[in-house]
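entry_25.cif follows (mmCIF, C-alpha atoms and all ligand atoms):
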```cif
data_run
loop_
_atom_site.group_PDB
_atom_site.id
_atom_site.type_symbol
_atom_site.label_atom_id
_atom_site.label_comp_id
_atom_site.auth_asym_id
_atom_site.auth_seq_id
_atom_site.Cartn_x
_atom_site.Cartn_y
_atom_site.Cartn_z
ATOM 1 C CA MET I 104 3.156 9.712 -27.115
ATOM 2 C CA ALA I 105 0.466 8.629 -24.641
ATOM 3 C CA GLU I 106 0.668 10.165 -21.165
ATOM 4 C CA PRO I 107 2.053 7.645 -18.627
ATOM 5 C CA LEU I 108 -0.651 6.192 -16.371
ATOM 6 C CA VAL I 109 1.803 6.112 -13.470
ATOM 7 C CA LEU I 110 4.017 9.157 -12.940
ATOM 8 C CA VAL I 111 7.387 8.284 -11.436
ATOM 9 C CA THR I 112 9.576 10.827 -9.626
ATOM 10 C CA GLN I 113 12.356 10.527 -7.081
ATOM 11 C CA THR I 114 13.741 12.802 -4.373
ATOM 12 C CA GLY I 115 16.737 11.375 -2.574
ATOM 13 C CA ALA I 116 15.903 7.778 -1.648
ATOM 14 C CA VAL I 117 12.119 8.294 -1.897
ATOM 15 C CA ARG I 118 10.389 7.274 -5.115
ATOM 16 C CA THR I 119 6.899 8.623 -5.685
ATOM 17 C CA LEU I 120 4.404 6.809 -7.886
ATOM 18 C CA ALA I 121 1.307 8.813 -8.823
ATOM 19 C CA LEU I 122 -1.641 7.054 -10.468
ATOM 20 C CA ASN I 123 -2.471 9.207 -13.452
ATOM 21 C CA ARG I 124 -5.979 8.875 -14.892
ATOM 22 C CA PRO I 125 -7.419 11.903 -13.084
ATOM 23 C CA ALA I 126 -10.495 12.264 -15.326
ATOM 24 C CA ALA I 127 -11.697 8.830 -14.100
ATOM 25 C CA LEU I 128 -10.421 9.338 -10.531
ATOM 26 C CA ASN I 129 -7.406 7.113 -11.303
ATOM 27 C CA SER I 130 -9.600 4.018 -11.603
ATOM 28 C CA PHE I 131 -7.778 0.910 -12.814
ATOM 29 C CA THR I 132 -7.584 -0.194 -16.413
ATOM 30 C CA GLY I 133 -5.472 -3.176 -17.448
ATOM 31 C CA GLU I 134 -2.841 -0.789 -18.779
ATOM 32 C CA MET I 135 -2.641 1.174 -15.518
ATOM 33 C CA HIS I 136 -2.243 -2.136 -13.660
ATOM 34 C CA ARG I 137 0.647 -3.109 -15.939
ATOM 35 C CA GLN I 138 2.366 0.242 -15.490
ATOM 36 C CA LEU I 139 1.917 0.249 -11.712
ATOM 37 C CA LEU I 140 3.244 -3.285 -11.296
ATOM 38 C CA ALA I 141 6.232 -2.444 -13.521
ATOM 39 C CA ALA I 142 6.906 0.702 -11.475
ATOM 40 C CA LEU I 143 6.757 -1.282 -8.218
ATOM 41 C CA GLU I 144 9.106 -3.949 -9.630
ATOM 42 C CA ALA I 145 11.517 -1.229 -10.766
ATOM 43 C CA ALA I 146 11.468 0.416 -7.315
ATOM 44 C CA ALA I 147 12.020 -2.960 -5.641
ATOM 45 C CA ALA I 148 15.011 -3.693 -7.877
ATOM 46 C CA ASP I 149 16.688 -0.262 -7.609
ATOM 47 C CA ALA I 150 19.118 -0.001 -4.708
ATOM 48 C CA SER I 151 18.847 3.814 -4.731
ATOM 49 C CA VAL I 152 15.183 3.561 -3.659
ATOM 50 C CA ARG I 153 14.595 2.999 0.067
ATOM 51 C CA ALA I 154 10.912 4.018 0.365
ATOM 52 C CA VAL I 155 7.951 4.496 -1.971
ATOM 53 C CA VAL I 156 5.117 7.007 -1.754
ATOM 54 C CA LEU I 157 1.964 5.987 -3.641
ATOM 55 C CA THR I 158 -0.503 8.748 -4.449
ATOM 56 C CA GLY I 159 -2.994 9.903 -7.077
ATOM 57 C CA ALA I 160 -2.934 12.712 -9.625
ATOM 58 C CA GLY I 161 -5.815 15.190 -9.503
ATOM 59 C CA ARG I 162 -8.650 15.156 -6.980
ATOM 60 C CA GLY I 163 -8.869 11.398 -6.356
ATOM 61 C CA PHE I 164 -6.536 8.692 -5.064
ATOM 62 C CA CYS I 165 -8.120 5.753 -6.923
ATOM 63 C CA ALA I 166 -11.758 4.791 -7.555
ATOM 64 C CA GLY I 167 -10.979 1.074 -7.907
ATOM 65 C CA GLN I 168 -11.718 -0.865 -11.064
ATOM 66 C CA ASP I 169 -12.601 1.268 -14.094
ATOM 67 C CA LEU I 170 -16.147 0.093 -14.634
ATOM 68 C CA ASN I 171 -15.929 1.145 -18.294
ATOM 69 C CA ASP I 172 -12.695 -0.736 -19.035
ATOM 70 C CA PRO I 173 -13.051 -2.753 -22.270
ATOM 71 C CA GLU I 174 -11.285 -5.641 -20.482
ATOM 72 C CA MET I 175 -14.477 -5.899 -18.410
ATOM 73 C CA ALA I 176 -16.731 -6.068 -21.446
ATOM 74 C CA PRO I 177 -19.201 -8.983 -21.373
ATOM 75 C CA ASP I 178 -18.664 -11.958 -23.679
ATOM 76 C CA ALA I 179 -21.161 -13.085 -26.331
ATOM 77 C CA ASP I 180 -23.368 -14.610 -23.580
ATOM 78 C CA GLY I 181 -23.387 -11.350 -21.653
ATOM 79 C CA ASN I 182 -21.059 -12.681 -18.927
ATOM 80 C CA VAL I 183 -17.926 -11.079 -17.486
ATOM 81 C CA ASP I 184 -15.195 -13.219 -15.969
ATOM 82 C CA ILE I 185 -14.178 -10.900 -13.155
ATOM 83 C CA GLY I 186 -12.089 -13.702 -11.665
ATOM 84 C CA LYS I 187 -9.753 -13.367 -14.641
ATOM 85 C CA LEU I 188 -9.118 -9.696 -13.797
ATOM 86 C CA ILE I 189 -8.556 -10.533 -10.155
ATOM 87 C CA ASP I 190 -6.057 -13.282 -11.013
ATOM 88 C CA ALA I 191 -4.285 -11.203 -13.638
ATOM 89 C CA TYR I 192 -4.107 -7.885 -11.818
ATOM 90 C CA TYR I 193 -5.426 -7.443 -8.273
ATOM 91 C CA GLN I 194 -3.813 -10.502 -6.677
ATOM 92 C CA PRO I 195 -0.317 -9.750 -8.051
ATOM 93 C CA LEU I 196 -0.725 -6.086 -7.070
ATOM 94 C CA ALA I 197 -1.803 -6.782 -3.478
ATOM 95 C CA LEU I 198 0.997 -9.335 -3.053
ATOM 96 C CA ARG I 199 3.640 -7.058 -4.577
ATOM 97 C CA VAL I 200 2.716 -4.143 -2.297
ATOM 98 C CA ARG I 201 2.832 -6.369 0.774
ATOM 99 C CA SER I 202 6.176 -7.939 -0.158
ATOM 100 C CA MET I 203 8.155 -4.854 -1.175
ATOM 101 C CA PRO I 204 11.682 -4.900 0.265
ATOM 102 C CA ILE I 205 11.211 -1.262 1.333
ATOM 103 C CA PRO I 206 8.471 0.678 3.164
ATOM 104 C CA MET I 207 5.368 1.768 1.274
ATOM 105 C CA VAL I 208 3.603 4.995 2.278
ATOM 106 C CA ALA I 209 0.174 5.775 0.806
ATOM 107 C CA ALA I 210 -0.537 9.494 0.466
ATOM 108 C CA VAL I 211 -4.297 9.452 -0.029
ATOM 109 C CA ASN I 212 -5.155 12.768 -1.665
ATOM 110 C CA GLY I 213 -8.852 12.198 -2.354
ATOM 111 C CA VAL I 214 -11.440 9.471 -2.628
ATOM 112 C CA ALA I 215 -10.118 5.885 -2.360
ATOM 113 C CA ALA I 216 -12.917 3.527 -3.380
ATOM 114 C CA GLY I 217 -13.176 -0.218 -3.956
ATOM 115 C CA ALA I 218 -9.834 -1.749 -4.851
ATOM 116 C CA GLY I 219 -8.384 1.773 -4.634
ATOM 117 C CA ALA I 220 -9.181 1.873 -0.910
ATOM 118 C CA ASN I 221 -7.628 -1.539 -0.337
ATOM 119 C CA LEU I 222 -4.567 -0.672 -2.399
ATOM 120 C CA ALA I 223 -3.964 2.245 -0.014
ATOM 121 C CA LEU I 224 -4.728 0.169 3.087
ATOM 122 C CA GLY I 225 -2.250 -2.492 1.946
ATOM 123 C CA CYS I 226 0.581 0.035 2.215
ATOM 124 C CA ASP I 227 2.636 0.066 5.420
ATOM 125 C CA MET I 228 1.627 3.538 6.560
ATOM 126 C CA VAL I 229 -1.316 5.532 5.254
ATOM 127 C CA VAL I 230 -1.450 9.317 5.468
ATOM 128 C CA ALA I 231 -4.614 10.949 4.138
ATOM 129 C CA ALA I 232 -5.732 14.481 3.384
ATOM 130 C CA ARG I 233 -8.597 15.666 5.581
ATOM 131 C CA SER I 234 -10.871 15.837 2.516
ATOM 132 C CA ALA I 235 -9.996 12.280 1.462
ATOM 133 C CA SER I 236 -12.337 9.359 2.033
ATOM 134 C CA PHE I 237 -12.390 5.571 2.005
ATOM 135 C CA ILE I 238 -15.276 3.640 0.473
ATOM 136 C CA GLN I 239 -15.655 -0.146 0.373
ATOM 137 C CA ALA I 240 -17.779 0.296 -2.743
ATOM 138 C CA PHE I 241 -18.051 -3.422 -3.552
ATOM 139 C CA SER I 242 -21.408 -4.156 -1.919
ATOM 140 C CA LYS I 243 -23.043 -1.535 -4.158
ATOM 141 C CA ILE I 244 -22.179 -3.615 -7.234
ATOM 142 C CA GLY I 245 -22.721 -7.075 -5.784
ATOM 143 C CA LEU I 246 -19.064 -7.969 -5.075
ATOM 144 C CA VAL I 247 -16.882 -8.689 -2.049
ATOM 145 C CA PRO I 248 -13.932 -6.514 -0.985
ATOM 146 C CA ASP I 249 -10.916 -7.434 -3.107
ATOM 147 C CA CYS I 250 -7.301 -6.355 -3.560
ATOM 148 C CA GLY I 251 -6.765 -7.851 -0.084
ATOM 149 C CA GLY I 252 -9.758 -6.140 1.554
ATOM 150 C CA THR I 253 -11.146 -9.235 3.275
ATOM 151 C CA TRP I 254 -7.733 -9.877 4.825
ATOM 152 C CA LEU I 255 -6.784 -6.283 5.603
ATOM 153 C CA LEU I 256 -9.996 -4.863 7.054
ATOM 154 C CA PRO I 257 -10.498 -7.207 10.038
ATOM 155 C CA ARG I 258 -6.790 -6.969 10.852
ATOM 156 C CA LEU I 259 -6.902 -3.180 10.828
ATOM 157 C CA VAL I 260 -10.212 -2.475 12.546
ATOM 158 C CA GLY I 261 -11.657 -5.786 13.800
ATOM 159 C CA ARG I 262 -14.512 -7.915 12.470
ATOM 160 C CA ALA I 263 -17.444 -5.734 13.518
ATOM 161 C CA THR I 264 -16.137 -2.574 11.863
ATOM 162 C CA ALA I 265 -14.799 -4.490 8.864
ATOM 163 C CA LEU I 266 -18.235 -5.951 8.201
ATOM 164 C CA ALA I 267 -19.981 -2.617 8.733
ATOM 165 C CA LEU I 268 -17.661 -0.843 6.287
ATOM 166 C CA ALA I 269 -17.985 -3.648 3.733
ATOM 167 C CA PHE I 270 -21.766 -4.132 4.058
ATOM 168 C CA THR I 271 -22.764 -0.466 3.985
ATOM 169 C CA GLY I 272 -20.141 0.831 1.535
ATOM 170 C CA ASP I 273 -20.475 4.116 3.431
ATOM 171 C CA LYS I 274 -17.975 6.860 2.829
ATOM 172 C CA LEU I 275 -15.521 7.102 5.738
ATOM 173 C CA MET I 276 -13.777 10.463 5.980
ATOM 174 C CA ALA I 277 -10.025 10.506 6.676
ATOM 175 C CA GLU I 278 -10.428 11.897 10.183
ATOM 176 C CA ASP I 279 -12.740 9.013 11.128
ATOM 177 C CA ALA I 280 -10.439 6.541 9.397
ATOM 178 C CA GLN I 281 -7.632 7.722 11.662
ATOM 179 C CA ARG I 282 -9.887 7.654 14.740
ATOM 180 C CA ILE I 283 -10.805 3.985 14.214
ATOM 181 C CA GLY I 284 -7.233 2.956 13.392
ATOM 182 C CA LEU I 285 -7.824 2.224 9.711
ATOM 183 C CA ILE I 286 -5.012 4.617 8.729
ATOM 184 C CA TRP I 287 -2.003 6.145 10.446
ATOM 185 C CA GLN I 288 -2.637 9.865 10.049
ATOM 186 C CA CYS I 289 -5.045 12.471 8.722
ATOM 187 C CA VAL I 290 -3.514 15.855 7.884
ATOM 188 C CA ASP I 291 -4.691 19.111 6.361
ATOM 189 C CA ASP I 292 -4.917 18.870 2.577
ATOM 190 C CA ALA I 293 -2.125 21.395 2.025
ATOM 191 C CA ALA I 294 0.224 19.399 4.267
ATOM 192 C CA LEU I 295 -0.340 15.973 2.678
ATOM 193 C CA ALA I 296 2.485 15.836 0.135
ATOM 194 C CA ASP I 297 5.141 17.223 2.497
ATOM 195 C CA THR I 298 4.004 15.015 5.388
ATOM 196 C CA ALA I 299 4.092 11.860 3.262
ATOM 197 C CA GLN I 300 7.479 12.753 1.754
ATOM 198 C CA ALA I 301 8.962 13.531 5.175
ATOM 199 C CA LEU I 302 7.621 10.276 6.603
ATOM 200 C CA ALA I 303 8.993 8.284 3.667
ATOM 201 C CA ALA I 304 12.388 10.027 3.929
ATOM 202 C CA ARG I 305 12.472 9.189 7.631
ATOM 203 C CA LEU I 306 11.685 5.527 6.914
ATOM 204 C CA ALA I 307 14.258 5.479 4.083
ATOM 205 C CA ALA I 308 16.980 6.455 6.565
ATOM 206 C CA LEU I 309 16.093 3.506 8.842
ATOM 207 C CA PRO I 310 17.287 -0.085 8.335
ATOM 208 C CA VAL I 311 14.703 -0.878 5.652
ATOM 209 C CA LYS I 312 15.546 -4.558 5.459
ATOM 210 C CA ALA I 313 14.584 -4.907 9.123
ATOM 211 C CA LEU I 314 11.400 -2.885 8.461
ATOM 212 C CA ALA I 315 10.390 -5.206 5.617
ATOM 213 C CA GLU I 316 11.041 -8.234 7.836
ATOM 214 C CA THR I 317 9.021 -6.578 10.610
ATOM 215 C CA ARG I 318 6.075 -6.248 8.236
ATOM 216 C CA ARG I 319 6.415 -9.888 7.191
ATOM 217 C CA ALA I 320 6.689 -11.099 10.785
ATOM 218 C CA ILE I 321 3.717 -9.077 12.027
ATOM 219 C CA ASP I 322 1.541 -10.191 9.104
ATOM 220 C CA ALA I 323 2.518 -13.824 9.669
ATOM 221 C CA ALA I 324 2.109 -13.636 13.449
ATOM 222 C CA MET I 325 -1.598 -12.767 13.068
ATOM 223 C CA GLY I 326 -2.117 -16.417 12.139
ATOM 224 C CA MET I 327 0.266 -17.964 14.676
ATOM 225 C CA ASP I 328 0.287 -18.896 18.324
ATOM 226 C CA LEU I 329 2.870 -17.333 20.632
ATOM 227 C CA PRO I 330 5.472 -20.125 20.440
ATOM 228 C CA GLU I 331 5.383 -20.012 16.643
ATOM 229 C CA ALA I 332 5.714 -16.223 16.595
ATOM 230 C CA LEU I 333 8.600 -16.369 19.066
ATOM 231 C CA ALA I 334 10.340 -18.916 16.845
ATOM 232 C CA VAL I 335 9.968 -16.641 13.810
ATOM 233 C CA GLU I 336 11.333 -13.693 15.805
ATOM 234 C CA GLY I 337 14.317 -15.794 16.846
ATOM 235 C CA ARG I 338 15.055 -16.843 13.259
ATOM 236 C CA LEU I 339 14.804 -13.279 11.996
ATOM 237 C CA GLN I 340 17.023 -11.848 14.751
ATOM 238 C CA ARG I 341 19.620 -14.522 14.018
ATOM 239 C CA THR I 342 19.631 -13.578 10.321
ATOM 240 C CA LEU I 343 19.464 -9.812 10.780
ATOM 241 C CA GLY I 344 22.132 -9.951 13.481
ATOM 242 C CA ARG I 345 24.609 -11.061 10.810
ATOM 243 C CA GLU I 346 23.805 -8.096 8.556
ATOM 244 C CA HIS I 347 25.644 -4.817 8.062
ATOM 245 C CA ASP I 348 22.792 -2.724 9.452
ATOM 246 C CA TYR I 349 22.872 -4.408 12.858
ATOM 247 C CA ARG I 350 26.621 -3.918 13.196
ATOM 248 C CA GLU I 351 26.282 -0.316 12.001
ATOM 249 C CA GLY I 352 23.393 0.434 14.360
ATOM 250 C CA VAL I 353 25.278 -0.847 17.381
ATOM 251 C CA ALA I 354 28.537 0.863 16.352
ATOM 252 C CA ALA I 355 26.731 4.167 15.792
ATOM 253 C CA PHE I 356 25.099 3.899 19.204
ATOM 254 C CA GLN I 357 28.421 3.194 20.891
ATOM 255 C CA GLN I 358 30.222 5.961 19.007
ATOM 256 C CA LYS I 359 27.364 8.429 19.589
ATOM 257 C CA ARG I 360 26.939 9.204 15.860
ATOM 258 C CA ALA I 361 24.164 8.902 13.289
ATOM 259 C CA PRO I 362 23.986 5.435 11.688
ATOM 260 C CA GLN I 363 24.332 4.913 7.923
ATOM 261 C CA PHE I 364 22.121 1.980 7.050
ATOM 262 C CA LYS I 365 22.441 0.350 3.645
ATOM 263 C CA ASP I 366 21.035 -3.209 3.687
ATOM 264 C CA ARG I 367 18.019 -3.800 1.532
HETATM 265 O O1 LIG I 401 -13.966 -5.963 -12.553
HETATM 266 C C1 LIG I 401 -14.355 -5.769 -11.392
HETATM 267 O O2 LIG I 401 -15.279 -5.031 -11.081
HETATM 268 C C2 LIG I 401 -13.578 -6.486 -10.337
HETATM 269 C C3 LIG I 401 -12.772 -5.573 -9.601
HETATM 270 C C4 LIG I 401 -13.272 -4.919 -8.609
HETATM 271 C C5 LIG I 401 -12.483 -3.966 -7.902
HETATM 272 C C6 LIG I 401 -13.246 -2.733 -7.566
HETATM 273 O O3 LIG I 401 -12.611 -1.736 -7.330
HETATM 274 S S1 LIG I 401 -14.938 -2.763 -7.546
HETATM 275 C C7 LIG I 401 -15.346 -1.090 -7.160
HETATM 276 C C8 LIG I 401 -15.307 -0.212 -8.364
HETATM 277 N N1 LIG I 401 -15.439 1.180 -8.001
HETATM 278 C C9 LIG I 401 -16.594 1.729 -7.719
HETATM 279 O O4 LIG I 401 -17.641 1.112 -7.710
HETATM 280 C C10 LIG I 401 -16.583 3.225 -7.455
HETATM 281 C C11 LIG I 401 -17.377 3.957 -8.509
HETATM 282 N N2 LIG I 401 -17.264 5.391 -8.327
HETATM 283 C C12 LIG I 401 -17.995 6.047 -7.417
HETATM 284 O O5 LIG I 401 -18.793 5.513 -6.675
HETATM 285 C C13 LIG I 401 -17.800 7.533 -7.387
HETATM 286 O O6 LIG I 401 -17.222 7.959 -8.598
HETATM 287 C C14 LIG I 401 -16.878 7.978 -6.208
HETATM 288 C C15 LIG I 401 -17.622 7.819 -4.888
HETATM 289 C C16 LIG I 401 -15.578 7.197 -6.189
HETATM 290 C C17 LIG I 401 -16.523 9.486 -6.380
HETATM 291 O O7 LIG I 401 -17.699 10.220 -6.544
HETATM 292 P P1 LIG I 401 -17.610 11.746 -7.036
HETATM 293 O O8 LIG I 401 -18.996 12.288 -7.012
HETATM 294 O O9 LIG I 401 -16.570 12.461 -6.277
HETATM 295 O O10 LIG I 401 -17.051 11.677 -8.548
HETATM 296 P P2 LIG I 401 -17.839 11.187 -9.845
HETATM 297 O O11 LIG I 401 -18.478 12.358 -10.509
HETATM 298 O O12 LIG I 401 -18.698 10.026 -9.545
HETATM 299 O O13 LIG I 401 -16.614 10.669 -10.751
HETATM 300 C C18 LIG I 401 -15.805 11.557 -11.503
HETATM 301 C C19 LIG I 401 -15.521 10.904 -12.830
HETATM 302 O O14 LIG I 401 -14.805 9.688 -12.590
HETATM 303 C C20 LIG I 401 -16.807 10.493 -13.539
HETATM 304 O O15 LIG I 401 -16.564 10.612 -14.918
HETATM 305 P P3 LIG I 401 -17.287 11.769 -15.775
HETATM 306 O O16 LIG I 401 -18.756 11.613 -15.578
HETATM 307 O O17 LIG I 401 -16.758 13.061 -15.175
HETATM 308 O O18 LIG I 401 -16.818 11.538 -17.166
HETATM 309 C C21 LIG I 401 -16.956 9.033 -13.171
HETATM 310 O O19 LIG I 401 -17.695 8.307 -14.101
HETATM 311 C C22 LIG I 401 -15.501 8.592 -13.175
HETATM 312 N N3 LIG I 401 -15.325 7.418 -12.333
HETATM 313 C C23 LIG I 401 -15.360 7.349 -10.997
HETATM 314 N N4 LIG I 401 -15.174 6.104 -10.593
HETATM 315 C C24 LIG I 401 -15.042 5.355 -11.696
HETATM 316 C C25 LIG I 401 -15.139 6.188 -12.821
HETATM 317 N N5 LIG I 401 -15.046 5.728 -14.063
HETATM 318 C C26 LIG I 401 -14.860 4.404 -14.206
HETATM 319 N N6 LIG I 401 -14.779 3.546 -13.189
HETATM 320 C C27 LIG I 401 -14.837 3.970 -11.927
HETATM 321 N N7 LIG I 401 -14.691 3.109 -10.918
#
```

Would you give me this structure, written as structure tokens?
Amino acid sequence: MAEPLVLVTQTGAVRTLALNRPAALNSFTGEMHRQLLAALEAAAADASVRAVVLTGAGRGFCAGQDLNDPEMAPDADGNVDIGKLIDAYYQPLALRVRSMPIPMVAAVNGVAAGAGANLALGCDMVVAARSASFIQAFSKIGLVPDCGGTWLLPRLVGRATALALAFTGDKLMAEDAQRIGLIWQCVDDAALADTAQALAARLAALPVKALAETRRAIDAAMGMDLPEALAVEGRLQRTLGREHDYREGVAAFQQKRAPQFKDR
């Protein structure tokens, strides 16, 4: 049987998905896309999962599109319809990651290039090994940042840095990525897996439904004026205030005990 291209494991409420084409630095083929999307859908649908860690097998996180993938082969006229790949794979992937009902933690274990970098950056919190790097490799092959890169980069680091990263395609080491606010945390290589798992377990114990709504509200607010954002906050508080987790959080506070959140 063929080796799975996404390895799925679970510890407690934390599901870990590891991209698994290490010989090609976990670059994306159509089949790896299908397996990753299926694994994300399964995690979203499984009530026992309250956080996901996304990482890579071997020495890389993900080198973006597999540039040797037969699905990219030119047609009889020598043309490649890259738009078809974007529509079929990268758009659904970027949207799925950003709309998960539970927190997504990227544990970036090595190079994250092209769509691989933007897949990681689309996760809610990004922890990277000190030896890991981020490369907006698109300009080197005549493309624009995809998998949400044009949307994510200016929001994370501002227009000037977004353009510099995208134009130059320079390798940004994890420590610098943390310094400029592109990622949450850079840790020693040996500490990466434990740090990411501990962070995900901590998030899993929080009211994850409220965390997912927080992500949605913050993303939406970037395109709103203050009155609109305040209105969204009001609507969300009204809805969340009727949920179990709100009642449990307040009761736990009043009774001086640890809360047991369960909404999703
Ligand atoms: O269809 C479309 O193009 C649209 C979609 C676009 C989305 C994108 O992601 S576009 C960007 C595509 N990615 C890249 O351009 C990155 C290409 N890779 C690199 O520049 C370098 O490999 C890295 C900087 C990522 C890492 O360099 P290094 O020196 O650490 O490793 P390496 O020796 O270059 O790579 C190791 C192996 O992985 C090597 O295979 P080999 O020679 O040992 O058999 C290399 O060919 C393979 N590999 C790395 N990246 C890719 C890849 N194979 C296929 N596609 C890749 N993207």

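For stretch 145-153 of chain I, the list of residues within 7 Å, based on only C-alpha atoms and with local chain neighbours fewer than 6 positions off taken out, reads Ala116, Val117, Arg118, Met203, Pro204, Ile205, Ala307 and Val311 of chain I.
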
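Taken over the shown file, the PyMOL selection byres (((chain I and resi 281-295) around 8) and not hetatm) identifies I:Ala210, I:Asn212, I:Leu224, I:Met228, I:Val229, I:Val230, I:Ala231, I:Ala232, I:Arg233, I:Ser234, I:Leu256, I:Leu259, I:Val260, I:Ala277, I:Glu278, I:Asp279, I:Ala280, I:Ala296, I:Asp297, I:Thr298, I:Ala299.
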
Got time to write the residues from that selection, C-alpha atoms, as a PDB file, keeping the file's coordinate frame?
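Final output, saved to part26.pdb:
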```pdb
ATOM      1  CA  ALA I 210      -0.537   9.494   0.466  1.00  0.00           C
ATOM      2  CA  ASN I 212      -5.155  12.768  -1.665  1.00  0.00           C
ATOM      3  CA  LEU I 224      -4.728   0.169   3.087  1.00  0.00           C
ATOM      4  CA  MET I 228       1.627   3.538   6.560  1.00  0.00           C
ATOM      5  CA  VAL I 229      -1.316   5.532   5.254  1.00  0.00           C
ATOM      6  CA  VAL I 230      -1.450   9.317   5.468  1.00  0.00           C
ATOM      7  CA  ALA I 231      -4.614  10.949   4.138  1.00  0.00           C
ATOM      8  CA  ALA I 232      -5.732  14.481   3.384  1.00  0.00           C
ATOM      9  CA  ARG I 233      -8.597  15.666   5.581  1.00  0.00           C
ATOM     10  CA  SER I 234     -10.871  15.837   2.516  1.00  0.00           C
ATOM     11  CA  LEU I 256      -9.996  -4.863   7.054  1.00  0.00           C
ATOM     12  CA  LEU I 259      -6.902  -3.180  10.828  1.00  0.00           C
ATOM     13  CA  VAL I 260     -10.212  -2.475  12.546  1.00  0.00           C
ATOM     14  CA  ALA I 277     -10.025  10.506   6.676  1.00  0.00           C
ATOM     15  CA  GLU I 278     -10.428  11.897  10.183  1.00  0.00           C
ATOM     16  CA  ASP I 279     -12.740   9.013  11.128  1.00  0.00           C
ATOM     17  CA  ALA I 280     -10.439   6.541   9.397  1.00  0.00           C
ATOM     18  CA  ALA I 296       2.485  15.836   0.135  1.00  0.00           C
ATOM     19  CA  ASP I 297       5.141  17.223   2.497  1.00  0.00           C
ATOM     20  CA  THR I 298       4.004  15.015   5.388  1.00  0.00           C
ATOM     21  CA  ALA I 299       4.092  11.860   3.262  1.00  0.00           C
TER      22      ALA I 299
END
```

So which residues are near ligand LIG 401 (chain I), meaning at most 8 Å away with all atoms listed in the file counted, given back as a VMD selection string?
chain I and resid 125 to 131 163 165 to 172 175 185 to 186 188 to 189 193 214 to 219 238 to 241 243 to 244 246 248 to 250 274

I'd like the box whose edges run along x, y and z of the file and which contains every listed atom of stretch 190-199 of chain I, padded by 4 Å per side; could you state its centre and edge lengths in Å, one decimal, as lines of an AutoDock Vina configuration file?
```
center_x = -1.2
center_y = -9.7
center_z = -8.3
size_x = 17.7
size_y = 15.2
size_z = 18.6
```

Selection: 12 Å around I:Asn123, all atoms listed in the file, excl. self and same-chain fewer than 5 positions, as a VMD selection string:
chain I and resid 105 to 111 128 to 132 134 to 136 138 to 139 157 to 166
